[in-house]
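Asks: Please find start07.cif (mmCIF, C-alpha atoms and all ligand atoms) on the next line:
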```cif
data_my_file
loop_
_atom_site.label_atom_id
_atom_site.label_comp_id
_atom_site.auth_asym_id
_atom_site.auth_seq_id
_atom_site.Cartn_x
_atom_site.Cartn_y
_atom_site.Cartn_z
CA MET A 274 -15.82 -19.92 -6.79
CA HIS A 275 -16.70 -18.30 -3.49
CA PRO A 276 -18.93 -15.26 -3.85
CA LEU A 277 -16.89 -12.10 -4.22
CA ALA A 278 -16.87 -8.96 -2.12
CA LEU A 279 -16.59 -6.04 -4.49
CA TYR A 280 -14.84 -2.84 -3.46
CA VAL A 281 -15.45 0.20 -5.66
CA HIS A 282 -13.31 3.28 -5.07
CA ILE A 283 -14.62 6.81 -5.57
CA PRO A 284 -11.58 9.10 -5.31
CA PHE A 285 -13.37 12.39 -4.72
CA CYS A 286 -14.11 14.46 -1.63
CA ALA A 287 -15.71 17.83 -0.99
CA ALA A 288 -12.49 18.89 0.76
CA ARG A 289 -9.29 17.20 1.86
CA CYS A 290 -8.92 16.56 5.56
CA PRO A 291 -5.38 17.45 6.68
CA TYR A 292 -4.68 14.05 8.24
CA CYS A 293 -5.83 11.96 5.29
CA ASP A 294 -3.48 10.32 2.79
CA PHE A 295 -6.10 8.36 0.91
CA ASN A 296 -6.17 8.40 -2.84
CA THR A 297 -8.81 11.08 -3.14
CA TYR A 298 -9.10 14.58 -4.51
CA ALA A 299 -11.16 17.70 -4.00
CA GLY A 300 -12.15 20.12 -6.72
CA LEU A 301 -12.31 17.56 -9.52
CA GLU A 302 -16.05 17.72 -10.09
CA ALA A 303 -15.44 17.94 -13.83
CA GLN A 304 -13.92 14.45 -13.62
CA PHE A 305 -16.89 12.78 -11.94
CA GLU A 306 -18.51 11.62 -15.15
CA PRO A 307 -15.32 10.56 -17.00
CA TYR A 308 -14.14 8.69 -13.95
CA VAL A 309 -17.38 6.79 -13.52
CA ALA A 310 -17.41 5.95 -17.22
CA ALA A 311 -13.89 4.50 -16.91
CA LEU A 312 -14.82 2.75 -13.68
CA ALA A 313 -17.86 1.10 -15.28
CA GLU A 314 -15.70 -0.11 -18.15
CA GLU A 315 -13.17 -1.51 -15.73
CA ILE A 316 -15.85 -3.30 -13.73
CA HIS A 317 -17.17 -4.86 -16.93
CA GLN A 318 -13.67 -6.03 -17.85
CA ALA A 319 -13.11 -7.53 -14.41
CA GLY A 320 -16.44 -9.35 -14.53
CA ALA A 321 -15.77 -10.66 -18.03
CA ARG A 322 -12.35 -12.00 -17.04
CA LEU A 323 -13.95 -13.93 -14.20
CA ASP A 324 -16.94 -15.05 -16.26
CA ARG A 325 -19.48 -13.05 -14.25
CA PRO A 326 -18.89 -14.63 -10.87
CA PRO A 327 -21.27 -14.29 -7.93
CA ALA A 328 -20.86 -11.37 -5.54
CA ARG A 329 -22.41 -11.15 -2.15
CA THR A 330 -21.36 -7.65 -1.05
CA ILE A 331 -20.49 -4.35 -2.65
CA PHE A 332 -18.63 -1.69 -0.70
CA ILE A 333 -18.50 1.75 -2.31
CA GLY A 334 -15.70 3.61 -0.58
CA GLY A 335 -13.43 6.52 -1.11
CA GLY A 336 -13.03 9.28 -0.89
CA THR A 337 -16.59 10.27 -0.37
CA PRO A 338 -18.99 8.39 -2.66
CA THR A 339 -21.83 10.68 -1.60
CA VAL A 340 -20.27 13.63 -3.41
CA LEU A 341 -21.27 11.88 -6.64
CA PRO A 342 -24.71 12.66 -8.04
CA PRO A 343 -27.01 9.65 -7.62
CA ASP A 344 -27.14 9.00 -11.35
CA LEU A 345 -23.38 8.40 -11.41
CA LEU A 346 -23.53 6.08 -8.44
CA ALA A 347 -26.35 4.32 -10.26
CA ARG A 348 -24.05 3.76 -13.25
CA ALA A 349 -21.35 2.25 -11.08
CA LEU A 350 -23.80 -0.05 -9.36
CA ALA A 351 -25.44 -1.03 -12.63
CA ALA A 352 -22.02 -2.01 -13.96
CA CYS A 353 -21.47 -4.19 -10.89
CA ARG A 354 -24.79 -5.93 -11.42
CA GLU A 355 -24.15 -6.46 -15.12
CA ALA A 356 -20.61 -7.71 -14.69
CA PHE A 357 -21.16 -9.82 -11.57
CA ALA A 358 -24.00 -12.01 -10.39
CA VAL A 359 -24.84 -9.83 -7.41
CA ALA A 360 -27.00 -11.71 -4.93
CA ALA A 361 -30.55 -10.46 -4.57
CA ASP A 362 -29.94 -9.99 -0.86
CA ALA A 363 -26.43 -8.58 -1.27
CA GLU A 364 -25.22 -6.15 1.33
CA ILE A 365 -24.47 -2.92 -0.53
CA THR A 366 -22.63 -0.31 1.52
CA SER A 367 -21.82 3.27 0.69
CA GLU A 368 -19.51 5.44 2.69
CA ALA A 369 -20.90 8.87 3.44
CA ASN A 370 -19.63 12.11 4.87
CA PRO A 371 -22.28 13.76 7.07
CA GLY A 372 -21.52 17.06 5.35
CA THR A 373 -22.59 15.73 1.95
CA VAL A 374 -25.92 14.08 2.70
CA ASP A 375 -29.51 14.80 3.55
CA GLN A 376 -32.68 12.76 3.59
CA VAL A 377 -33.22 13.21 -0.13
CA ARG A 378 -29.74 11.85 -0.85
CA PHE A 379 -30.30 8.94 1.51
CA ALA A 380 -33.60 8.14 -0.15
CA ALA A 381 -31.84 8.14 -3.52
CA LEU A 382 -29.24 5.71 -2.18
CA ARG A 383 -31.99 3.42 -0.94
CA GLU A 384 -33.61 3.48 -4.37
CA LEU A 385 -30.29 2.34 -5.85
CA GLY A 386 -30.33 -0.67 -3.57
CA VAL A 387 -27.81 0.61 -1.05
CA ASN A 388 -28.82 -1.00 2.22
CA ARG A 389 -25.94 -0.14 4.51
CA LEU A 390 -24.19 3.12 5.32
CA SER A 391 -20.75 3.83 6.72
CA MET A 392 -20.53 7.40 7.93
CA GLY A 393 -17.32 9.17 8.84
CA VAL A 394 -18.37 11.10 11.93
CA GLN A 395 -14.94 11.10 13.64
CA SER A 396 -16.09 13.02 16.74
CA PHE A 397 -19.16 14.53 18.34
CA ASP A 398 -17.08 17.45 19.59
CA ASP A 399 -17.11 20.52 17.36
CA ALA A 400 -13.66 21.70 18.42
CA GLU A 401 -12.20 18.30 17.53
CA LEU A 402 -14.05 18.29 14.22
CA ARG A 403 -12.58 21.69 13.39
CA TRP A 404 -9.12 20.46 14.35
CA LEU A 405 -9.59 17.50 12.04
CA GLY A 406 -10.67 19.80 9.23
CA ARG A 407 -14.03 18.12 8.87
CA ILE A 408 -16.73 19.84 6.82
CA HIS A 409 -19.55 19.02 9.26
CA THR A 410 -20.49 19.76 12.85
CA ALA A 411 -21.48 17.29 15.53
CA ALA A 412 -25.12 18.37 15.22
CA GLU A 413 -25.01 17.79 11.48
CA ALA A 414 -23.62 14.31 12.04
CA VAL A 415 -26.46 13.51 14.43
CA ALA A 416 -28.97 14.92 11.96
CA ALA A 417 -27.44 12.86 9.15
CA PHE A 418 -27.72 9.69 11.20
CA ARG A 419 -31.36 10.36 12.00
CA ALA A 420 -32.10 11.23 8.37
CA ALA A 421 -30.55 7.94 7.32
CA ARG A 422 -32.78 6.08 9.73
CA ARG A 423 -35.85 7.91 8.42
CA ALA A 424 -34.81 6.96 4.89
CA GLY A 425 -34.89 3.33 5.93
CA PHE A 426 -31.27 2.45 6.66
CA ALA A 427 -31.36 -0.26 9.29
CA ASN A 428 -27.65 -1.03 9.11
CA ILE A 429 -25.29 1.87 9.78
CA ASN A 430 -21.63 2.06 10.73
CA LEU A 431 -20.10 5.15 12.29
CA ASP A 432 -16.35 5.87 12.11
CA PHE A 433 -14.47 7.76 14.82
CA ILE A 434 -10.91 8.95 15.30
CA PHE A 435 -9.22 9.10 18.68
CA GLY A 436 -5.80 10.05 19.98
CA LEU A 437 -5.75 13.66 18.85
CA PRO A 438 -2.85 15.50 20.53
CA GLY A 439 -4.01 16.49 23.99
CA GLN A 440 -7.44 14.95 23.49
CA ASN A 441 -9.53 15.21 26.62
CA PRO A 442 -10.72 11.78 27.80
CA ALA A 443 -13.98 13.39 28.94
CA THR A 444 -14.63 14.59 25.41
CA TRP A 445 -13.91 11.13 24.05
CA MET A 446 -16.33 9.61 26.54
CA ARG A 447 -19.01 12.10 25.46
CA THR A 448 -18.43 11.12 21.85
CA LEU A 449 -18.79 7.44 22.72
CA ALA A 450 -21.92 8.15 24.78
CA GLN A 451 -23.51 10.03 21.89
CA ALA A 452 -22.63 7.23 19.51
CA ILE A 453 -24.14 4.62 21.81
CA ASP A 454 -27.22 6.77 22.26
CA LEU A 455 -27.77 6.82 18.50
CA GLY A 456 -27.45 3.04 18.41
CA PRO A 457 -25.62 2.27 15.16
CA GLU A 458 -25.25 -1.37 14.27
CA HIS A 459 -21.49 -1.04 13.86
CA LEU A 460 -18.69 1.20 15.08
CA SER A 461 -15.14 1.65 13.79
CA LEU A 462 -12.61 3.47 15.95
CA TYR A 463 -9.25 4.45 14.51
CA SER A 464 -6.29 6.10 16.16
CA LEU A 465 -4.98 9.24 14.55
CA ILE A 466 -1.93 8.54 12.43
CA VAL A 467 0.45 11.17 11.15
CA GLU A 468 0.87 10.06 7.57
CA ASP A 469 3.83 11.22 5.52
CA GLY A 470 2.98 13.84 2.96
CA THR A 471 -0.12 15.15 4.66
CA PRO A 472 -0.59 18.73 5.91
CA LEU A 473 -0.80 17.27 9.41
CA ALA A 474 2.62 15.66 9.05
CA ASP A 475 4.02 18.97 7.84
CA GLN A 476 2.58 20.77 10.86
CA VAL A 477 4.01 18.17 13.22
CA ARG A 478 7.40 18.34 11.53
CA ARG A 479 7.45 22.13 11.89
CA GLY A 480 6.47 21.86 15.53
CA ALA A 481 3.21 23.71 14.97
CA ILE A 482 1.26 20.71 16.30
CA ALA A 483 2.32 18.21 18.92
CA GLU A 484 2.80 14.64 17.85
CA PRO A 485 -0.05 12.36 18.95
CA ASP A 486 0.75 10.61 22.19
CA ASP A 487 0.69 6.81 21.93
CA ASP A 488 -0.01 6.30 25.60
CA LEU A 489 -2.94 8.72 25.56
CA ALA A 490 -4.29 6.94 22.49
CA ALA A 491 -3.94 3.57 24.20
CA ASP A 492 -5.79 4.89 27.26
CA LEU A 493 -8.62 6.19 25.07
CA TYR A 494 -8.74 2.90 23.21
CA GLU A 495 -9.06 0.93 26.43
CA MET A 496 -11.79 3.26 27.62
CA ALA A 497 -13.64 2.61 24.39
CA CYS A 498 -13.24 -1.16 24.68
CA LYS A 499 -14.85 -1.16 28.10
CA THR A 500 -17.53 1.41 27.30
CA LEU A 501 -18.65 -0.34 24.14
CA ALA A 502 -18.61 -3.77 25.77
CA ASP A 503 -20.79 -2.40 28.56
CA ALA A 504 -23.16 -1.05 25.92
CA GLY A 505 -23.49 -4.46 24.26
CA TYR A 506 -21.11 -4.03 21.35
CA VAL A 507 -18.93 -6.99 20.45
CA GLN A 508 -15.39 -6.27 19.34
CA TYR A 509 -14.44 -8.61 16.52
CA GLU A 510 -11.37 -6.86 15.14
CA ILE A 511 -8.93 -4.33 16.57
CA SER A 512 -10.89 -1.35 15.32
CA ASN A 513 -14.35 -2.79 14.78
CA TRP A 514 -17.37 -3.41 16.96
CA ALA A 515 -20.83 -4.71 16.07
CA ARG A 516 -23.98 -4.79 18.11
CA ALA A 517 -24.57 -8.22 19.54
CA GLY A 518 -26.82 -10.28 17.32
CA GLN A 519 -25.99 -8.49 14.11
CA GLY A 520 -25.43 -10.68 11.10
CA ALA A 521 -21.88 -11.42 10.12
CA LYS A 522 -22.17 -10.55 6.46
CA GLY A 523 -20.92 -7.04 6.86
CA LYS A 524 -18.40 -7.80 9.55
CA GLY A 525 -14.93 -7.42 8.28
CA GLN A 526 -16.00 -5.53 5.22
CA GLU A 527 -15.46 -2.25 7.00
CA ALA A 528 -11.84 -2.90 7.76
CA ARG A 529 -11.19 -5.31 4.96
CA GLY A 530 -12.34 -2.95 2.27
CA ARG A 531 -10.16 -0.22 3.66
CA GLU A 532 -7.19 -2.47 4.11
CA GLN A 533 -7.51 -3.64 0.57
CA GLU A 534 -7.57 -0.10 -0.63
CA ALA A 535 -4.72 0.87 1.63
CA GLY A 536 -2.65 -2.01 0.38
CA GLY A 537 -3.02 -1.32 -3.26
CA ARG A 538 -4.20 2.15 -3.89
CA ASN A 539 -0.95 3.35 -5.35
CA GLN A 540 0.23 0.03 -6.67
CA PRO A 541 -2.07 -1.00 -9.48
CA SER A 542 -1.62 -4.64 -10.19
CA ALA A 543 -3.53 -7.40 -11.81
CA ILE A 544 -3.21 -9.41 -8.63
CA SER A 545 -3.33 -7.31 -5.53
CA HIS A 546 -2.72 -9.87 -2.86
CA GLN A 547 -1.90 -13.47 -2.24
CA PRO A 548 -4.25 -16.21 -1.12
CA SER A 549 -4.36 -16.69 2.59
CA ALA A 550 -5.17 -19.73 4.60
CA ILE A 551 -5.96 -17.70 7.69
CA SER A 552 -9.49 -16.43 7.28
CA HIS A 553 -10.39 -16.74 3.64
CA GLN A 554 -9.00 -17.72 0.31
CA PRO A 555 -8.99 -14.64 -1.81
CA SER A 556 -8.23 -14.67 -5.43
CA ALA A 557 -8.04 -10.97 -5.80
CA ILE A 558 -8.44 -8.96 -8.89
CA SER A 559 -7.30 -5.39 -8.85
CA ALA A 560 -8.53 -3.64 -11.91
CA VAL A 561 -6.85 -0.53 -13.12
CA THR A 562 -8.42 2.53 -14.59
CA THR A 563 -6.62 5.22 -16.41
CA TRP A 564 -8.35 8.43 -17.09
CA SER A 565 -7.24 11.86 -17.91
CA THR A 566 -7.36 14.82 -15.59
CA GLY A 567 -6.56 17.68 -17.86
CA ALA A 568 -3.02 17.24 -19.07
CA THR A 569 -2.25 14.58 -16.53
CA SER A 570 -3.03 10.94 -16.99
CA ARG A 571 -3.45 9.06 -13.75
CA THR A 572 -3.71 5.42 -13.04
CA TRP A 573 -5.95 4.15 -10.32
CA ALA A 574 -6.56 0.98 -8.54
CA SER A 575 -10.18 1.86 -8.70
CA ALA A 576 -12.19 -1.25 -8.45
CA ARG A 577 -11.21 -4.54 -7.07
CA ALA A 578 -12.78 -7.75 -6.09
CA HIS A 579 -11.78 -10.39 -3.71
CA THR A 580 -13.50 -13.36 -2.28
CA ALA A 581 -15.78 -12.77 0.59
CA SER A 582 -14.57 -13.39 4.06
CA THR A 583 -15.85 -16.58 5.46
CA GLY A 584 -14.88 -15.83 9.01
CA ALA A 585 -14.30 -12.27 10.02
CA GLY A 586 -14.03 -13.42 13.56
CA ALA A 587 -11.82 -12.10 16.26
CA GLY A 588 -8.43 -11.33 14.96
CA GLY A 589 -8.98 -13.15 11.71
CA THR A 590 -6.86 -11.53 9.08
CA CYS A 591 -6.03 -12.17 5.51
CA ALA A 592 -2.38 -12.20 4.61
CA GLY A 593 -3.07 -10.14 1.55
CA CYS A 594 -5.21 -7.67 3.45
CA VAL A 595 -2.90 -7.30 6.39
CA PRO A 596 -2.49 -3.67 7.30
CA THR A 597 0.71 -2.33 8.76
CA SER A 598 -0.70 -2.90 12.21
CA SER A 599 1.48 -5.18 14.24
CA GLY A 600 -0.92 -6.01 17.01
CA SER A 601 -3.44 -4.67 19.41
CA PRO A 602 -3.03 -1.21 20.89
CA ARG A 603 -2.56 -2.82 24.29
CA GLY A 604 0.22 -5.00 22.98
CA ARG A 605 1.77 -2.10 21.23
CA ARG A 606 1.63 -0.02 24.35
CA ARG A 607 3.49 -2.69 26.22
CA LYS A 608 6.09 -2.67 23.49
CA ARG A 609 6.29 1.09 23.56
CA ARG A 610 7.18 1.06 27.21
CA GLY A 611 10.50 -0.35 26.15
CA ARG A 612 10.74 1.39 22.83
CA ARG A 613 9.00 4.72 22.88
CA SER A 614 9.55 5.43 19.22
CA ALA A 615 7.60 2.42 18.02
CA GLY A 616 5.15 3.38 15.34
CA ARG A 617 1.47 3.61 15.96
CA TRP A 618 -0.84 0.86 14.95
CA ARG A 619 -2.02 1.77 11.59
CA TRP A 620 -5.52 1.35 10.36
CA ALA A 621 -7.19 3.08 7.54
CA ARG A 622 -9.72 5.64 8.61
CA ARG A 623 -12.09 7.88 6.87
S1 LIG B 701 -10.80 11.64 5.64
FE1 LIG B 701 -12.52 11.06 4.32
S2 LIG B 701 -13.56 13.01 3.79
FE2 LIG B 701 -11.50 13.53 4.59
S3 LIG B 701 -10.20 13.65 2.74
FE3 LIG B 701 -10.00 11.54 3.54
S4 LIG B 701 -11.53 10.35 2.41
FE4 LIG B 701 -12.07 12.54 2.17
#
```
Step by step, read the file and then write its structure as structure tokens.
Replies:
Amino acid sequence: MHPLALYVHIPFCAARCPYCDFNTYAGLEAQFEPYVAALAEEIHQAGARLDRPPARTIFIGGGTPTVLPPDLLARALAACREAFAVAADAEITSEANPGTVDQVRFAALRELGVNRLSMGVQSFDDAELRWLGRIHTAAEAVAAFRAARRAGFANINLDFIFGLPGQNPATWMRTLAQAIDLGPEHLSLYSLIVEDGTPLADQVRRGAIAEPDDDLAADLYEMACKTLADAGYVQYEISNWARAGQGAKGKGQEARGREQEAGGRNQPSAISHQPSAISHQPSAISAVTTWSTGATSRTWASARAHTASTGAGAGGTCAGCVPTSSGSPRGRRRKRRGRRSAGRWRWARR
């Protein structure tokens, strides 16, 4: 069996961002411990079913894993190591919101064996961050990045969102310049999507907020492609760039983990996607956790494993992981010229 890539979902956040439709909740601190207990049990069951197979990466996503106290993250990671033969040099990533971390928290993550961070920065413009409902400022995001470096993280991804209604290209360029100046190993750029059921969608429907403009988003995307290429970043998927020379182990995990979650987060299933001949041969296991939140019992696709990508190269996609994207932003823009109402490319973003 190919080594697995484990994705562990932490469905909690300090606050809900109005654009986000991920399976995550704020104000459920009382459920942290019961959830992690159920998650650990589920991980053990998944590992036992597969006879403790090897795993080469672990991606702890959400939600915001860094809202969990380190001892609970330690339990989840311990369960992974007990249930799966996690490689000694495994890449272990945690997502992080800059508003929930400091150097002490980063040091704790390092002690747990986390060796890669994925931080949802979204913008280095405070007005945009307020518009997005983020809980941190641009300065706090910069400080978080530097604290992570001081704590020893040598492999960091930063997430950004572009295509806000009326977004100023100059502001976007400043965000990109700040990102390049910090020098993360990886960058993920996602266009803003108005997702059904979100407060943002409600505001757009009521006319309180303009709908994001596809052509503006495409312009910003193309600016980013050129700017990042000039800065030495290699684009290997629609929304993902890595610094030249970086190892491939983590490539694809960023998007692939999110896609996997996006594909199955509300559809718990023993098998979450079909094998693909395109870039890897996943035999996916989507474990299901049920735990009680007060009077309500909820079912989660909370931990899942699939085989590691063997070639996250340009455009390589897995049939089971395929997001609802139907092509590159450029291609979509060309289509939109003839059909203005075409949907936006759709990539998960944090
Ligand atoms: S965007 Fe990130 S921090 Fe905001 S609610 Fe969604 S998962 Fe939580």
Asks: Padding 5 Å on each side, edges along x, y and z: where is the centre of the box around the listed atoms of ligand LIG 701 (chain B), and how long are its edges in Å to one decimal? Output it as AutoDock Vina command-line options.
Replies:
```
--center_x -11.8 --center_y 12.0 --center_z 3.9 --size_x 13.6 --size_y 13.3 --size_z 13.5
```
Asks: Using only C-alpha atoms and all ligand atoms, which residues of the polymer chains come no farther than 10 Å from ligand LIG 701 (chain B)? I'd like the answer as a VMD selection string.
Replies: chain A and resid 283 to 299 334 to 338 340 368 to 373 392 to 395 405 to 408 621 to 623
Asks: Within 12 Å of segment 493-495 of chain A, counting only C-alpha atoms, which residues show up once you throw out same-chain ones fewer than 2 positions away? Write them as number ranges by chain, please.
Replies: A: 433-449, 461-465, 486-491, 497-502, 508, 511-513, 601-606, 618
Asks: Write the residues of the preceding selection, restricted to C-alpha atoms, as a PDB file, in the coordinates of the input.
Replies:
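Below is the file that was written, result_29.pdb:
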```pdb
ATOM      1  CA  PHE A 433     -14.470   7.760  14.820  1.00  0.00           C
ATOM      2  CA  ILE A 434     -10.910   8.950  15.300  1.00  0.00           C
ATOM      3  CA  PHE A 435      -9.220   9.100  18.680  1.00  0.00           C
ATOM      4  CA  GLY A 436      -5.800  10.050  19.980  1.00  0.00           C
ATOM      5  CA  LEU A 437      -5.750  13.660  18.850  1.00  0.00           C
ATOM      6  CA  PRO A 438      -2.850  15.500  20.530  1.00  0.00           C
ATOM      7  CA  GLY A 439      -4.010  16.490  23.990  1.00  0.00           C
ATOM      8  CA  GLN A 440      -7.440  14.950  23.490  1.00  0.00           C
ATOM      9  CA  ASN A 441      -9.530  15.210  26.620  1.00  0.00           C
ATOM     10  CA  PRO A 442     -10.720  11.780  27.800  1.00  0.00           C
ATOM     11  CA  ALA A 443     -13.980  13.390  28.940  1.00  0.00           C
ATOM     12  CA  THR A 444     -14.630  14.590  25.410  1.00  0.00           C
ATOM     13  CA  TRP A 445     -13.910  11.130  24.050  1.00  0.00           C
ATOM     14  CA  MET A 446     -16.330   9.610  26.540  1.00  0.00           C
ATOM     15  CA  ARG A 447     -19.010  12.100  25.460  1.00  0.00           C
ATOM     16  CA  THR A 448     -18.430  11.120  21.850  1.00  0.00           C
ATOM     17  CA  LEU A 449     -18.790   7.440  22.720  1.00  0.00           C
ATOM     18  CA  SER A 461     -15.140   1.650  13.790  1.00  0.00           C
ATOM     19  CA  LEU A 462     -12.610   3.470  15.950  1.00  0.00           C
ATOM     20  CA  TYR A 463      -9.250   4.450  14.510  1.00  0.00           C
ATOM     21  CA  SER A 464      -6.290   6.100  16.160  1.00  0.00           C
ATOM     22  CA  LEU A 465      -4.980   9.240  14.550  1.00  0.00           C
ATOM     23  CA  ASP A 486       0.750  10.610  22.190  1.00  0.00           C
ATOM     24  CA  ASP A 487       0.690   6.810  21.930  1.00  0.00           C
ATOM     25  CA  ASP A 488      -0.010   6.300  25.600  1.00  0.00           C
ATOM     26  CA  LEU A 489      -2.940   8.720  25.560  1.00  0.00           C
ATOM     27  CA  ALA A 490      -4.290   6.940  22.490  1.00  0.00           C
ATOM     28  CA  ALA A 491      -3.940   3.570  24.200  1.00  0.00           C
ATOM     29  CA  ALA A 497     -13.640   2.610  24.390  1.00  0.00           C
ATOM     30  CA  CYS A 498     -13.240  -1.160  24.680  1.00  0.00           C
ATOM     31  CA  LYS A 499     -14.850  -1.160  28.100  1.00  0.00           C
ATOM     32  CA  THR A 500     -17.530   1.410  27.300  1.00  0.00           C
ATOM     33  CA  LEU A 501     -18.650  -0.340  24.140  1.00  0.00           C
ATOM     34  CA  ALA A 502     -18.610  -3.770  25.770  1.00  0.00           C
ATOM     35  CA  GLN A 508     -15.390  -6.270  19.340  1.00  0.00           C
ATOM     36  CA  ILE A 511      -8.930  -4.330  16.570  1.00  0.00           C
ATOM     37  CA  SER A 512     -10.890  -1.350  15.320  1.00  0.00           C
ATOM     38  CA  ASN A 513     -14.350  -2.790  14.780  1.00  0.00           C
ATOM     39  CA  SER A 601      -3.440  -4.670  19.410  1.00  0.00           C
ATOM     40  CA  PRO A 602      -3.030  -1.210  20.890  1.00  0.00           C
ATOM     41  CA  ARG A 603      -2.560  -2.820  24.290  1.00  0.00           C
ATOM     42  CA  GLY A 604       0.220  -5.000  22.980  1.00  0.00           C
ATOM     43  CA  ARG A 605       1.770  -2.100  21.230  1.00  0.00           C
ATOM     44  CA  ARG A 606       1.630  -0.020  24.350  1.00  0.00           C
ATOM     45  CA  TRP A 618      -0.840   0.860  14.950  1.00  0.00           C
TER      46      TRP A 618
END
```
Asks: Taking into account all atoms listed in the file, which residue in the set A:Asn428, A:Gln476, A:Thr339, A:Gln318 is nearest to Val377 of chain A?
Replies: A:Thr339
Asks: Residues near Ala416 of chain A, anyone? I mean within 10 Å using only C-alpha atoms, not counting same-chain ones fewer than 6 positions away, as a list of chain:residue names.
Replies: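 The contact residues come out as A:Pro371, A:Val374, A:Asp375, A:Gln376, A:Thr410, A:Arg422.
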Asks: Separation of atom CA of Phe332 of chain A and atom CA of Ile365 of chain A, in Å?
Replies: 6.0 Å
Asks: Report, in Å to a single decimal, how far apart atom CA of Glu364 of chain A and atom CA of Phe379 of chain A are.
Replies: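 Between atom CA of Phe379 of chain A and atom CA of Glu364 of chain A the gap is 15.9 Å.
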Asks: Contacts of Leu345 of chain A at 10 Å or less, counting all atoms listed in the file, minus same-chain residues fewer than 5 places along, as number ranges by chain?
Replies: A: 305-306, 308-310, 313, 338, 350-351
